[in-house]
Amino acid sequence: MARFAAFVSLLAAGIVFQLSHGVEVNVTDKEGKLCLYANLMVNFSVSYPAGEKIDTVEFELPSEVTTNGSECGATSSTLKLNFGDGRSWSVNFTMDGNVYQADYITFSYNLSDTTVFPSSGSNETASVTVKSQITNVGVDTCYSCNSKDMILTDMVNMTLSSVLIQAFVSEGNKSENITSCSADQPVTSPPPTTQGTNATTPAPVTNATSTAPPPTTTPTPTLPPPNTGKYSVNSDNTTVCLLADFGLRISIKQGETYQEMNLEPNKTTASGSCGVNSSELQLVSSTMTIMLTFINDTAKFRLHAVNFTAKTGSGVDFNAVNTNLTLWEAAIGSSYMCNKEQNYTITNLLSFYTFNLRVQPFGIAKGVFNTAEECKTDVDSFLVPIAVGVALLVLIVIVLLAYFIGRKRNMSTGYESF
């Protein structure tokens, strides 16, 4: 890959500038032709050691950036944005035939910069590299995603929004054609099943090049309820930092065919990691791999992302990802519980059915669940018998009062007759 000169422009003047919807960058080759275009917003949340505690700072990609280190090639390109004192954000792109994708995103930051990390005592330059979800972008199109895409790691969270990128510009002219992320496409919620309650339908993360995928209907499950598994993650050899109990049935759609499968706890291995801002639970069996990512927003936790891979009966690997979920939400220091069967639409091709669910990804004390916050269906099922009982009690009181009042009147009438 040849390294090309990079420049940024304000109209024709030659600087990077920040519009209301992001930082716009033009990277050119040695002949001065546009070879890579980007317009995006990135917000950062970084946790770092501050003595015996962990501090967190938030900042955004500023208006003044340089593109030193950006490269354009025939089948691979790199966008690198340098800003502040020793901070940089870069994306590596590769082309395969008629499509391209972003392989990895790398963020580096200088902990000795006390203007950003005021409590840091470190001179280290830290970095984090994550796999991108930008895939299957038409080679002569711009990738567009106005929706927020949160990328979570142990110490760094990045939120991308208002993204417009063309990594391989042909003949120096940016394309007017768009490959939209599916988060920008409307998704139709499936109708409720008779056994469970649908959760809020999130948008899937896989990309669509033109129109949204046709609405799909999740069939009523036919498998028996799965066995309840008890899973945990340790921060060291002994300390439990994440607990999860649930039975899980999965429904996937390939073409016009649905397939259902139960997660078998006795054939499943649990692993994962626990961090300040995010925790992960990975469940691996012989037929599927499930990665559940939880985030901590200081006051509450929630299930934020699901990455699901399975070997289907047709022999074709199935994969679905959603990084924009808001499920299983509860206050930090408590657990989330929902004993009733629930149906969650993860993407328009993937649904989860949970049974006897209880999770706590943060704040585990003594290796056991803390007090649970119950889902609405559990609370409703608890309130119904109470309401019926109260109504019966009131009815009994009314009958007794009517009996005694009537008896007293009859006695008074008897005395007067005598």
# chains A, B, ... in the order shown; residues from 1 in each chain; ligands from 1
>>> closest_atom_pairs(of="range 228-330 of chain A", to="range 139-157 of chain A", cutoff="7 Å", atoms="only C-alpha atoms", output="Markdown table")
| residue | atom | partner | partner_atom | distance |
| --- | --- | --- | --- | --- |
| A:Gly275 | CA | A:Asp154 | CA | 4.8 |
| A:Val276 | CA | A:Asp154 | CA | 6.4 |
| A:Asn277 | CA | A:Asp154 | CA | 6.2 |
| A:Ser278 | CA | A:Asp154 | CA | 5.8 |
| A:Thr323 | CA | A:Met150 | CA | 6.8 |
| A:Asn324 | CA | A:Asp149 | CA | 6.9 |
>>> residues_around(residues="range 325-335 of chain A", least_positions_apart="6", cutoff="6 Å", atoms="only C-alpha atoms", output="PyMOL selection string")
chain A and resi 202+299-305+359-360+363+370-372
